[in-house]
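**Q** Starting off with a structure, shown below.
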Amino acid sequence: MSHGPPGGAAAAADVHTSAPWPHRLLDVPALRRAGTAPVPFHQFVLKLHSRCNLLCGYCYVYTAADTSWRRRPARVTEAVLARSAQRIGEHVAAHGLDRVRVELHGGEPLLGGADTALRQAAAVRAAVHASSGAGCEVQVSVQTNGTLLTTDVVRRLAAEGIRVGVSLDGGRPHHNKRRVDHAGRPSWDAATRGLAVLARHPEAYAGILCTIDLDLDPVEVYDSLLEFRPAALDLLLPHANWAAPPPGKGPSSAGSAPYGEWLAHAFDRWFDGGRYRTRIRLFTEIIGLLLGFSSGAEAVGLSPVAAVLVETDGVIEQVDSLKAAYEEAPATGMDVFRNSFDDVLEHPGIAARQLGRAALSEACRSCPVVRVCGGGHYAHRYRPGSGFRNPSVYCADLELLIRHIARRLEGVLGAGPLVSG
């Protein structure tokens with residue numbers, strides 16, 4: 001492995017092909033000597049259950065390249081639950097953090113019932129309070145498919161200040177054709193019953209995540225989701241990369257932008273009539289970036305990623321989206337019993353995602369929309385043989401969407417060009 005100059009152009013080495021995890025490695029000690037300080041974690045994704053009662057056709061956990069979920073215990077153990085909380089408390093104290101987000105995930109996190117979620121939330125809050133007093137706010141949420149939400153579950157989560165986000169592909173049964181259980185039966189009825197319960201507790205309703213399906217009309221999807229009165233929506237690009245392109249973008253259509261066009265239609269519908277009714281994170285992030293603000297999402301922008309994940313067995317990983325790249329792509333080789341979260345900050349994969357423009361490919365660094373695009377989601381850049389230092393597989397889509405939003409803003413603000421070229 002040969003290293004580039006410390007602190008320059010990401011100080012990146014060539015892909016370490018003999019390593020079990022072919023990240024584009026960095027000389028992290030050299031970066032630290034050059035004054036590149038790590039950004040502490042502010043978001044902790046804690047897995048409560050490694051299995052799911054659904055088998056969605058596009059799921060990047062169970063249908064993609066990484067199969068490590070098969071080797072995990074189904075439920076988080078009490079030892080992992082307690083140790084994860086302790087490590088978060090240590091991290092908060094070490095960096096003087098005043099706010100952290102804890103996201104309880106799976107699989108389907110509620111397969112362990114509400115009790116596990118409540119115990120994990122209480123343990124983290126107690127550990128943070130013990131380490132920092134009342135100086136750090138702990139925001140807790142559960143991300144669920146909605147099928148196990150009952151009046152009792154939602155009431156108990158809401159009582160403890162735990163917000164609930166639901167994954168849904170649209171507000172009509174046919175929108176959710178890929179969201180089925182292991183016997184191929186649709187999950188629509190159960191999910192919408194859960195959403196109806198959640199809508200009666202707006203204080204606990206975090207919003208809806210929707211993965212884009214090109215077969216569906218974007219305006220219809222948006223309008224139908226608004227019927228569930230979500231406080232926020234997030235429209236997600238399917239996790240894909242150059243080795244496993246998303247539907248509608250094969251090797252011969254790399255320059256096409258069907259996802260950008262889909263999102264541009266959804267943006268127009270939202271911007272022209274519904275933007276005061278809900279927040280769509282991808283759109284508000286792009287608008288903020290075009291106006292000169294920093295980003296708070298991994299999908300766009302150049303802000304350092306400050307998220308980390310703990311599996312049900314205590315193994316610390318980067319983020320689940322990397323599972324779409326290759327076997328054990330998210331791995332760090334660390335766990336909560338032997339390692340602190342500060343240890344994880346020194347992992348090359350984490351460091352690479354905190355370097356901003358310097359970690360991007362040459363093509364991205366010279367692109368006129370790079371400040372807004374940020375190279376796209378890290379997981380979407382993977383290409384066998386060159387790792388993650390590539391443009392996103394959604395490069396054309398992101399550029400189309402960003403330029404479209406810029407033109408709409410220019411028309412409203414009467415401003416000059418917000419992006420060049």
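By order of appearance in the structure tokens: chains A, B, ..., then residues from 1 within every chain, and ligands from 1 in the order shown.
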Set the distance at 9 Å and use only C-alpha atoms: which residues neighbour A:His265 once local chain neighbours fewer than 5 positions away are removed? I'd like the list as a list in words.
**A** Asp217, Pro218, Val219, Gly260 and Trp270 of chain A
**Q** Give me a file of those residues, with all heavy atoms, as a CSV table (one decimal), in the first residue's frame.
**A**
```csv
chain,number,residue,atom,x,y,z
A,217,ASP,N,-45.8,6.8,-10.8
A,217,ASP,CA,-45.9,8.3,-11.1
A,217,ASP,C,-45.5,9.1,-9.9
A,217,ASP,O,-46.1,8.9,-8.8
A,217,ASP,CB,-47.3,8.6,-11.5
A,217,ASP,CG,-47.4,10.1,-11.9
A,217,ASP,OD1,-47.0,10.5,-13.0
A,217,ASP,OD2,-47.8,10.9,-11.0
A,218,PRO,N,-44.5,10.0,-10.0
A,218,PRO,CA,-44.0,10.7,-8.8
A,218,PRO,C,-45.0,11.6,-8.2
A,218,PRO,O,-45.1,11.8,-7.0
A,218,PRO,CB,-42.8,11.5,-9.4
A,218,PRO,CG,-43.0,11.5,-10.8
A,218,PRO,CD,-43.7,10.3,-11.2
A,219,VAL,N,-45.8,12.2,-9.0
A,219,VAL,CA,-46.9,13.1,-8.5
A,219,VAL,C,-47.9,12.3,-7.7
A,219,VAL,O,-48.4,12.7,-6.6
A,219,VAL,CB,-47.5,14.0,-9.6
A,219,VAL,CG1,-48.7,14.7,-9.1
A,219,VAL,CG2,-46.5,14.9,-10.2
A,260,GLY,N,-33.4,11.4,-11.7
A,260,GLY,CA,-33.4,12.8,-11.6
A,260,GLY,C,-34.7,13.4,-12.2
A,260,GLY,O,-35.3,14.3,-11.6
A,270,TRP,N,-44.3,19.5,-5.2
A,270,TRP,CA,-44.1,19.9,-3.8
A,270,TRP,C,-43.9,21.4,-3.7
A,270,TRP,O,-44.5,22.1,-2.9
A,270,TRP,CB,-42.9,19.2,-3.2
A,270,TRP,CG,-42.4,19.7,-1.9
A,270,TRP,CD1,-43.0,19.4,-0.7
A,270,TRP,CD2,-41.3,20.5,-1.6
A,270,TRP,NE1,-42.2,20.0,0.3
A,270,TRP,CE2,-41.2,20.7,-0.2
A,270,TRP,CE3,-40.3,21.0,-2.4
A,270,TRP,CZ2,-40.2,21.4,0.4
A,270,TRP,CZ3,-39.3,21.8,-1.9
A,270,TRP,CH2,-39.2,22.0,-0.5
```
**Q** When you look at stretch 38-54 of chain A with a cut-off of 7 Å (counting only C-alpha atoms), what residues show up, excluding the ones that are within fewer than 2 positions of it in the same chain? I need them as a count of residues only.
**A** 33
**Q** Apply DSSP to the structure's backbone, then extract all residues of stretch 191-322 of chain A labelled strand (DSSP E or B) and return them as an MDAnalysis selection string.
**A** chainID A and resid 205:211 232:236 279:280 307:310 315:317
**Q** Just list the residues in stretch 207-311 of chain A DSSP gives helix (DSSP H, G or I) on the backbone, as a PyMOL selection string.
**A** chain A and resi 218-226+251-253+258-274+281-290
**Q** Put those residues in a file: C-alpha atoms, as a PDB file, in the first residue's frame.
**A**
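Output saved as out_0.pdb:
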```
ATOM      1  CA  PRO A 218     -43.989  10.683  -8.832  1.00  0.00           C
ATOM      2  CA  VAL A 219     -46.873  13.134  -8.487  1.00  0.00           C
ATOM      3  CA  GLU A 220     -49.300  10.358  -7.585  1.00  0.00           C
ATOM      4  CA  VAL A 221     -46.869   8.936  -5.033  1.00  0.00           C
ATOM      5  CA  TYR A 222     -46.333  12.331  -3.426  1.00  0.00           C
ATOM      6  CA  ASP A 223     -50.028  13.213  -3.303  1.00  0.00           C
ATOM      7  CA  SER A 224     -50.946   9.804  -1.888  1.00  0.00           C
ATOM      8  CA  LEU A 225     -48.341   9.993   0.870  1.00  0.00           C
ATOM      9  CA  LEU A 226     -49.657  13.390   1.951  1.00  0.00           C
ATOM     10  CA  PRO A 251     -24.332  -0.309 -18.170  1.00  0.00           C
ATOM     11  CA  SER A 252     -25.541   1.152 -21.461  1.00  0.00           C
ATOM     12  CA  SER A 253     -27.524   3.948 -19.792  1.00  0.00           C
ATOM     13  CA  PRO A 258     -34.518   8.709 -14.971  1.00  0.00           C
ATOM     14  CA  TYR A 259     -34.288   9.178 -11.204  1.00  0.00           C
ATOM     15  CA  GLY A 260     -33.423  12.835 -11.609  1.00  0.00           C
ATOM     16  CA  GLU A 261     -36.447  13.305 -13.867  1.00  0.00           C
ATOM     17  CA  TRP A 262     -38.696  11.457 -11.391  1.00  0.00           C
ATOM     18  CA  LEU A 263     -37.496  13.637  -8.538  1.00  0.00           C
ATOM     19  CA  ALA A 264     -37.796  16.828 -10.583  1.00  0.00           C
ATOM     20  CA  HIS A 265     -41.496  16.088 -11.198  1.00  0.00           C
ATOM     21  CA  ALA A 266     -41.998  15.382  -7.488  1.00  0.00           C
ATOM     22  CA  PHE A 267     -40.154  18.601  -6.636  1.00  0.00           C
ATOM     23  CA  ASP A 268     -42.392  20.701  -8.860  1.00  0.00           C
ATOM     24  CA  ARG A 269     -45.512  19.251  -7.262  1.00  0.00           C
ATOM     25  CA  TRP A 270     -44.121  19.911  -3.770  1.00  0.00           C
ATOM     26  CA  PHE A 271     -42.703  23.352  -4.557  1.00  0.00           C
ATOM     27  CA  ASP A 272     -45.772  24.625  -6.342  1.00  0.00           C
ATOM     28  CA  GLY A 273     -48.385  23.483  -3.871  1.00  0.00           C
ATOM     29  CA  GLY A 274     -47.405  21.273  -1.000  1.00  0.00           C
ATOM     30  CA  ARG A 281     -35.534  16.284   3.251  1.00  0.00           C
ATOM     31  CA  LEU A 282     -33.699  15.788  -0.047  1.00  0.00           C
ATOM     32  CA  PHE A 283     -35.290  18.914  -1.510  1.00  0.00           C
ATOM     33  CA  THR A 284     -34.777  21.131   1.530  1.00  0.00           C
ATOM     34  CA  GLU A 285     -31.144  20.008   1.796  1.00  0.00           C
ATOM     35  CA  ILE A 286     -30.473  20.888  -1.859  1.00  0.00           C
ATOM     36  CA  ILE A 287     -32.200  24.257  -1.480  1.00  0.00           C
ATOM     37  CA  GLY A 288     -30.125  25.028   1.598  1.00  0.00           C
ATOM     38  CA  LEU A 289     -26.896  24.051  -0.156  1.00  0.00           C
ATOM     39  CA  LEU A 290     -27.736  26.189  -3.198  1.00  0.00           C
TER      40      LEU A 290
END
```
**Q** So that I can check the surroundings of A:Lys249, please list as a list in words every protein, DNA and RNA residue that reaches within 12 Å of it, counting only C-alpha atoms and ignoring chain neighbours fewer than 2 positions away.
**A** Leu214, Pro238, Ala240, Asn241, Trp242, Ala243, Ala244, Pro245, Pro246, Pro247, Pro251, Ser252, Ser253, Ala254, Gly255, Ser256, Ala257, Pro258, Tyr259, Gly260, Val393, Tyr394, Cys395, Ala396 and Asp397 of chain A
**Q** Grab the residues selected above and save them as a PDB file, in the first residue's frame with N, CA and C atoms.
**A**
```pdb
ATOM      1  N   LEU A 214     -39.322   3.726 -10.221  1.00  0.00           N
ATOM      2  CA  LEU A 214     -39.531   4.417 -11.494  1.00  0.00           C
ATOM      3  C   LEU A 214     -40.828   4.015 -12.176  1.00  0.00           C
ATOM      4  N   PRO A 238     -32.745   4.174  -4.524  1.00  0.00           N
ATOM      5  CA  PRO A 238     -32.411   2.797  -4.140  1.00  0.00           C
ATOM      6  C   PRO A 238     -30.896   2.642  -3.991  1.00  0.00           C
ATOM      7  N   ALA A 240     -27.578   1.407  -4.641  1.00  0.00           N
ATOM      8  CA  ALA A 240     -27.021   0.721  -5.807  1.00  0.00           C
ATOM      9  C   ALA A 240     -25.638   1.289  -6.061  1.00  0.00           C
ATOM     10  N   ASN A 241     -24.914   0.689  -6.989  1.00  0.00           N
ATOM     11  CA  ASN A 241     -23.559   1.146  -7.303  1.00  0.00           C
ATOM     12  C   ASN A 241     -23.225   0.697  -8.721  1.00  0.00           C
ATOM     13  N   TRP A 242     -21.968   0.934  -9.131  1.00  0.00           N
ATOM     14  CA  TRP A 242     -21.584   0.621 -10.512  1.00  0.00           C
ATOM     15  C   TRP A 242     -21.546  -0.885 -10.776  1.00  0.00           C
ATOM     16  N   ALA A 243     -21.368  -1.687  -9.742  1.00  0.00           N
ATOM     17  CA  ALA A 243     -21.378  -3.142  -9.913  1.00  0.00           C
ATOM     18  C   ALA A 243     -22.800  -3.682  -9.958  1.00  0.00           C
ATOM     19  N   ALA A 244     -23.700  -3.018  -9.263  1.00  0.00           N
ATOM     20  CA  ALA A 244     -25.097  -3.436  -9.205  1.00  0.00           C
ATOM     21  C   ALA A 244     -25.966  -2.203  -9.430  1.00  0.00           C
ATOM     22  N   PRO A 245     -26.128  -1.775 -10.697  1.00  0.00           N
ATOM     23  CA  PRO A 245     -26.867  -0.543 -10.989  1.00  0.00           C
ATOM     24  C   PRO A 245     -28.331  -0.648 -10.559  1.00  0.00           C
ATOM     25  N   PRO A 246     -28.968   0.489 -10.321  1.00  0.00           N
ATOM     26  CA  PRO A 246     -30.381   0.468  -9.939  1.00  0.00           C
ATOM     27  C   PRO A 246     -31.271   0.147 -11.128  1.00  0.00           C
ATOM     28  N   PRO A 247     -32.495  -0.261 -10.898  1.00  0.00           N
ATOM     29  CA  PRO A 247     -33.430  -0.489 -12.022  1.00  0.00           C
ATOM     30  C   PRO A 247     -33.516   0.741 -12.908  1.00  0.00           C
ATOM     31  N   PRO A 251     -25.646  -0.757 -17.675  1.00  0.00           N
ATOM     32  CA  PRO A 251     -24.332  -0.309 -18.170  1.00  0.00           C
ATOM     33  C   PRO A 251     -24.420   0.574 -19.403  1.00  0.00           C
ATOM     34  N   SER A 252     -25.432   0.368 -20.230  1.00  0.00           N
ATOM     35  CA  SER A 252     -25.541   1.152 -21.461  1.00  0.00           C
ATOM     36  C   SER A 252     -26.277   2.476 -21.252  1.00  0.00           C
ATOM     37  N   SER A 253     -26.753   2.722 -20.023  1.00  0.00           N
ATOM     38  CA  SER A 253     -27.524   3.948 -19.792  1.00  0.00           C
ATOM     39  C   SER A 253     -26.939   4.759 -18.647  1.00  0.00           C
ATOM     40  N   ALA A 254     -25.612   4.709 -18.501  1.00  0.00           N
ATOM     41  CA  ALA A 254     -24.964   5.388 -17.377  1.00  0.00           C
ATOM     42  C   ALA A 254     -25.204   6.887 -17.397  1.00  0.00           C
ATOM     43  N   GLY A 255     -25.349   7.486 -18.579  1.00  0.00           N
ATOM     44  CA  GLY A 255     -25.545   8.930 -18.665  1.00  0.00           C
ATOM     45  C   GLY A 255     -26.998   9.359 -18.590  1.00  0.00           C
ATOM     46  N   SER A 256     -27.919   8.407 -18.526  1.00  0.00           N
ATOM     47  CA  SER A 256     -29.334   8.761 -18.446  1.00  0.00           C
ATOM     48  C   SER A 256     -29.669   9.203 -17.023  1.00  0.00           C
ATOM     49  N   ALA A 257     -30.808   9.863 -16.872  1.00  0.00           N
ATOM     50  CA  ALA A 257     -31.150  10.411 -15.553  1.00  0.00           C
ATOM     51  C   ALA A 257     -32.618  10.182 -15.212  1.00  0.00           C
ATOM     52  N   PRO A 258     -33.087   8.931 -15.256  1.00  0.00           N
ATOM     53  CA  PRO A 258     -34.518   8.709 -14.971  1.00  0.00           C
ATOM     54  C   PRO A 258     -34.897   9.051 -13.536  1.00  0.00           C
ATOM     55  N   TYR A 259     -33.976   8.851 -12.600  1.00  0.00           N
ATOM     56  CA  TYR A 259     -34.288   9.178 -11.204  1.00  0.00           C
ATOM     57  C   TYR A 259     -34.294  10.687 -10.989  1.00  0.00           C
ATOM     58  N   GLY A 260     -33.405  11.385 -11.679  1.00  0.00           N
ATOM     59  CA  GLY A 260     -33.423  12.835 -11.609  1.00  0.00           C
ATOM     60  C   GLY A 260     -34.721  13.404 -12.160  1.00  0.00           C
ATOM     61  N   VAL A 393     -23.226   6.431  -8.970  1.00  0.00           N
ATOM     62  CA  VAL A 393     -23.957   5.806 -10.070  1.00  0.00           C
ATOM     63  C   VAL A 393     -25.164   6.665 -10.459  1.00  0.00           C
ATOM     64  N   TYR A 394     -25.574   7.560  -9.572  1.00  0.00           N
ATOM     65  CA  TYR A 394     -26.669   8.498  -9.831  1.00  0.00           C
ATOM     66  C   TYR A 394     -26.146   9.886 -10.202  1.00  0.00           C
ATOM     67  N   CYS A 395     -24.921   9.979 -10.695  1.00  0.00           N
ATOM     68  CA  CYS A 395     -24.309  11.273 -10.998  1.00  0.00           C
ATOM     69  C   CYS A 395     -25.204  12.125 -11.910  1.00  0.00           C
ATOM     70  N   ALA A 396     -25.630  11.573 -13.022  1.00  0.00           N
ATOM     71  CA  ALA A 396     -26.444  12.337 -13.975  1.00  0.00           C
ATOM     72  C   ALA A 396     -27.778  12.740 -13.364  1.00  0.00           C
ATOM     73  N   ASP A 397     -28.343  11.862 -12.539  1.00  0.00           N
ATOM     74  CA  ASP A 397     -29.624  12.151 -11.898  1.00  0.00           C
ATOM     75  C   ASP A 397     -29.497  13.318 -10.925  1.00  0.00           C
TER      76      ASP A 397
END
```
**Q** Pick out the closest residue to A:Ala379 from this set: A:Gly411, A:Ser340, A:Glu346, A:Asp320. Count only C-alpha atoms.
**A**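 Closest candidate: A:Asp320.
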**Q** Please measure the separation of atom CA of A:Arg33 and atom CA of A:Ser131, giving the value in Å to one decimal.
**A** 29.1 Å
**Q** Which of these, A:Leu302, A:Ile350, A:Val315, A:Val419, has the shortest distance to A:Arg371 once you count only C-alpha atoms?
**A**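 That would be A:Leu302, the residue with the smallest distance to A:Arg371.
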